[in-house]
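Asks: Please find one structure pasted underneath; my questions will follow.
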Number of protein chains: 2
Amino acid sequence: MGRKRLQESVDGRPTVHTVAARAGVSIASASRVLNGVGGSPETIRKVRAAAAEVGYVPNAIARSLQSQRTGLVALAVEDIGNPVYVEMMRAIEAVVASSGRQLLVHATGGRIDNETALLRRLANRYVDGMIVSPIRVTDDHLTALVDSPVPVVVVGQLGADAAVDNVRTDSRHGVALAVDHLVATGRHRIGFVNGPLDTVPGTARDAGFRAALTHHGIPLDEDLIEVGDFQYAAGREATQRLLARTDPDALVCANDLIAVGALHALLAAGRRVPQDVAVVGMDDTELARMMFPQLSSVSLGSAERGRRAAELLLQRIADPSLPPRREQVPPSLAIRASSGTTLPAPRPADPPTNHPSSEGVTS
Amino acid sequence: MGRKRLQESVDGRPTVHTVAARAGVSIASASRVLNGVGGSPETIRKVRAAAAEVGYVPNAIARSLQSQRTGLVALAVEDIGNPVYVEMMRAIEAVVASSGRQLLVHATGGRIDNETALLRRLANRYVDGMIVSPIRVTDDHLTALVDSPVPVVVVGQLGADAAVDNVRTDSRHGVALAVDHLVATGRHRIGFVNGPLDTVPGTARDAGFRAALTHHGIPLDEDLIEVGDFQYAAGREATQRLLARTDPDALVCANDLIAVGALHALLAAGRRVPQDVAVVGMDDTELARMMFPQLSSVSLGSAERGRRAAELLLQRIADPSLPPRREQVPPSLAIRASSGTTLPAPRPADPPTNHPSSEGVTS
DNA sequence: CAGACTCCCGGAAACGTTTACAGCTATCGG
DNA sequence: CCGATAGCTGTAAACGTTTCCGGGAGTCTG
């Protein structure tokens, strides 16, 4: 009496057929018992026993095909080494877990094709929904987003007309907060270390910086603007280049990783922070508090944005017919040691520092 | 002539039936064209057109059920805020991508049930394979690992007899490297800030530290040992507690996050690093290089371990019948500014520092 | 011009699960 | 004691895809 081959899956693992046969019941009964719905005591006993004996574990793919859901939600971010995304992820995770789902994260590494590929793959039913936070957005990208088979929520700026749920912040205003603060504490030669200009946050922050200077009537000095990547090493190098050609008394950095790089470059160059140069980062991540001196940083509400995005996503999964919504989280500034000191001006006792540029310090 | 309801999926999206009907061909032909295998020029044209018109996008779940693969690989780590896992992830990602698969990361948050739940869910065919790096291992856990339906590779220590592919390092030896270095540079009151003792790395590093002291004939002072979490804030607080009761001239920290916390606590307490207290971290992450002073750190070869784990996984996916393998990556020490200075002893010109504990410095 | 060969096509089975439906037995109320 | 009802059970369809297989048309060779 040979083994019935058909009862087990192609790779030899037991299926519901296997346990049904072993328990001497139909697959329907087996399935019912395994799902804890219905079944006579005797049937339950037999099926449970059979399942345990063969080590049955259900095939989630098959189940999903039938049930049209996977219990998974994905988050796609550019660089998971950036603590801002970690914070966002934690907030999302908390919400998602409360719906009994699990969160998976994918780091796209900024490769745009990677991100679209991910959308095409994951979004095709592997997950119940997806949150993506792209830093570069192409048209191709956008269409991939809007006609995704599963709900998608975008964290970050998006064209005004895009029919996608969207949670954003006003990073231009965020930069303005930093500049306001630095100006208020007597800084005049304010530098800006930005990320790539072909990214959405990069352009927004650049525009914000220029607007803020204009608003304060400070003439723009292109020497004070430097661009690198949104990363530590790039921030350090960009700051070195900037220091090589000019002499700022403050630096606004487009994110905390850059700010840490800047801090490092400044200290290595013998500048004191904040006495000689004040530093303000953006994103207000844990990293800012881990530095010494602790970094002032503009919070863009990453955790809050994550939380809201997750809620939007869950709502849309529950009811896909909802109209596209847009939410906005305001930025705020956390002032810490790296910019805490007020420069000479407000403290007449102190002589001006020996910056060649300090001639403007009068009042 | 009413719409044939059966042709589209239950949620209204087009299926291969939809495009086949629209193109006037069989679903077999439609599928072939969509997969780029076979089909006459005319059929190809019709199917492509139909697919485009209805906006067809294949259901990956259904495809996976048939093909028994998903093209996805998962990595489960405890805390993705820890840069060591980011490094590991990057290394894994590179390997995995070369096989045309995509990597998904799940942060278990150290909740053991979460990790087993993930295994039970993901491993049930949602992914082609999985790499997990557990810090707490229970028996339940272990059985979940060994009879996972998909290949699993474990990064980290595991019982000697576990029949699972495993990539590990020798973190006891790693701690010894740190202690050796500190002793060689004249440190005598070496403290140790560890993570929880109910974790695998926690116990290993504790054992390593005690063994290393014994090896150097240094009597053990329990006051010099403090335990917290493997995180920044916990490391800072643990160090504060330690400083409140004793006065070390060096600190070994069980990972870089703790080391950064320790650094912060030391600086805040007015200790100079490395002049008063040398600090050595573990994992040698980018974070160590981001600090000022830069942190010495014991590399446990995280990237290398990740790379190897990914390779093992791919091999096992290709051939599940392979015997369980185990690989080991040796630790090494990166010496940087935070422990770079040699204490008084080897430099007779310098007077001993005013530590109450420096009476032992004679030669 | 006949046979072999190639190519393309459609029907149908398969992947492993859940579930609608109908039939059966046993119990209960009248 | 009979009909209705409740509870289990098994058969079969469905989820959306890929692929085996057999048949038909066309092309090439001898």
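The way I read the labels, and the way they are meant: chains A, B, ... in the order of the structure tokens, residue 1 as the first residue of every chain, and ligand 1 as the first ligand shown, with later ones counted on from there.
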Give me, as a PyMOL selection string, the contact residues of chain B against chain D at a cut-off of 9 Å, counting only C-alpha atoms (C1' of nucleotides).
Replies: chain B and resi 9-10+15-17+28+31-32+58-67
Asks: Which residue gives the smallest distance to chain A among C:DG11, C:DG16, C:DG23, C:DG29, with only C-alpha atoms (C1' of nucleotides) counted?
Replies: C:DG16
Asks: Got a sec: who's within 9 Å of Gly81 of chain A, counting only C-alpha atoms (C1' of nucleotides), leaving out chain neighbours fewer than 5 positions off, as JSON, numbers by chain?
Replies: {"A": [86, 107, 231], "B": [80, 81, 82, 83, 86, 87]}
Asks: Keeping only N, CA and C atoms, take the residues you just selected and write them out as a CSV table (one decimal), in the first residue's frame.
Replies:
```
chain,number,residue,atom,x,y,z
A,86,VAL,N,13.8,55.5,10.9
A,86,VAL,CA,13.6,54.6,12.0
A,86,VAL,C,12.5,55.1,12.9
A,107,ALA,N,14.4,49.0,2.0
A,107,ALA,CA,15.3,50.2,1.7
A,107,ALA,C,15.6,50.2,0.3
A,231,GLN,N,23.8,62.3,3.8
A,231,GLN,CA,24.5,61.4,4.7
A,231,GLN,C,25.6,62.0,5.5
B,80,ILE,N,16.0,47.9,14.5
B,80,ILE,CA,16.6,48.5,13.3
B,80,ILE,C,17.2,49.9,13.5
B,81,GLY,N,17.0,50.4,14.7
B,81,GLY,CA,17.6,51.6,15.1
B,81,GLY,C,19.1,51.4,15.4
B,82,ASN,N,19.5,50.2,15.6
B,82,ASN,CA,20.9,49.9,15.9
B,82,ASN,C,21.6,49.8,14.6
B,83,PRO,N,22.6,50.7,14.4
B,83,PRO,CA,23.3,50.8,13.1
B,83,PRO,C,24.0,49.5,12.7
B,86,VAL,N,21.8,47.9,10.4
B,86,VAL,CA,21.8,48.5,9.1
B,86,VAL,C,22.9,48.1,8.3
B,87,GLU,N,24.1,48.0,8.9
B,87,GLU,CA,25.3,47.5,8.1
B,87,GLU,C,25.1,46.1,7.6
```
Asks: Name the residues in contact with Pro219 of chain A at a cut-off of 12 Å, using only C-alpha atoms (C1' of nucleotides), excluding same-chain residues fewer than 6 positions from it; report them as a list of chain:residue names.
Replies: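 Answer for this query is A:His188, A:Arg189, A:Ile190, A:Phe209, A:Arg210, A:Ala211, A:Ala212, A:Leu213, A:Gly360.
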Asks: Write the residues of the preceding selection, restricted to N, CA, C and O atoms, as a compact mmCIF listing (two decimals), in the first residue's frame.
Replies:
```txt
# COMPACT_ATOMS: atom_id res chain seq x y z
N HIS A 188 25.02 86.01 11.56
CA HIS A 188 24.85 86.74 10.31
C HIS A 188 25.33 86.01 9.09
O HIS A 188 24.79 86.14 8.02
N ARG A 189 26.40 85.28 9.29
CA ARG A 189 26.92 84.53 8.13
C ARG A 189 26.45 83.08 8.25
O ARG A 189 27.18 82.21 8.72
N ILE A 190 25.23 82.91 7.82
CA ILE A 190 24.60 81.60 7.99
C ILE A 190 24.81 80.74 6.76
O ILE A 190 24.40 81.11 5.66
N PHE A 209 15.57 78.06 2.39
CA PHE A 209 16.72 78.80 2.90
C PHE A 209 16.84 80.16 2.23
O PHE A 209 16.99 81.20 2.89
N ARG A 210 16.72 80.15 0.91
CA ARG A 210 16.85 81.41 0.19
C ARG A 210 15.74 82.38 0.59
O ARG A 210 15.98 83.58 0.81
N ALA A 211 14.54 81.85 0.70
CA ALA A 211 13.42 82.71 1.08
C ALA A 211 13.63 83.30 2.47
O ALA A 211 13.35 84.48 2.72
N ALA A 212 14.15 82.46 3.37
CA ALA A 212 14.32 82.93 4.75
C ALA A 212 15.35 84.06 4.81
O ALA A 212 15.16 85.06 5.51
N LEU A 213 16.44 83.91 4.05
CA LEU A 213 17.45 84.96 4.06
C LEU A 213 16.84 86.26 3.54
O LEU A 213 17.01 87.33 4.12
N GLY A 360 29.16 93.53 10.29
CA GLY A 360 27.74 93.89 10.34
C GLY A 360 27.16 93.91 11.75
O GLY A 360 26.05 94.35 11.96
```
Asks: Hey, what's within 10 Å of Gly301 of chain A if we count only C-alpha atoms (C1' of nucleotides) and toss same-chain stuff fewer than 5 positions away? As a ChimeraX atom specification, please?
Replies: /A:84,87-88,168-169,283-285,306-307,328-332
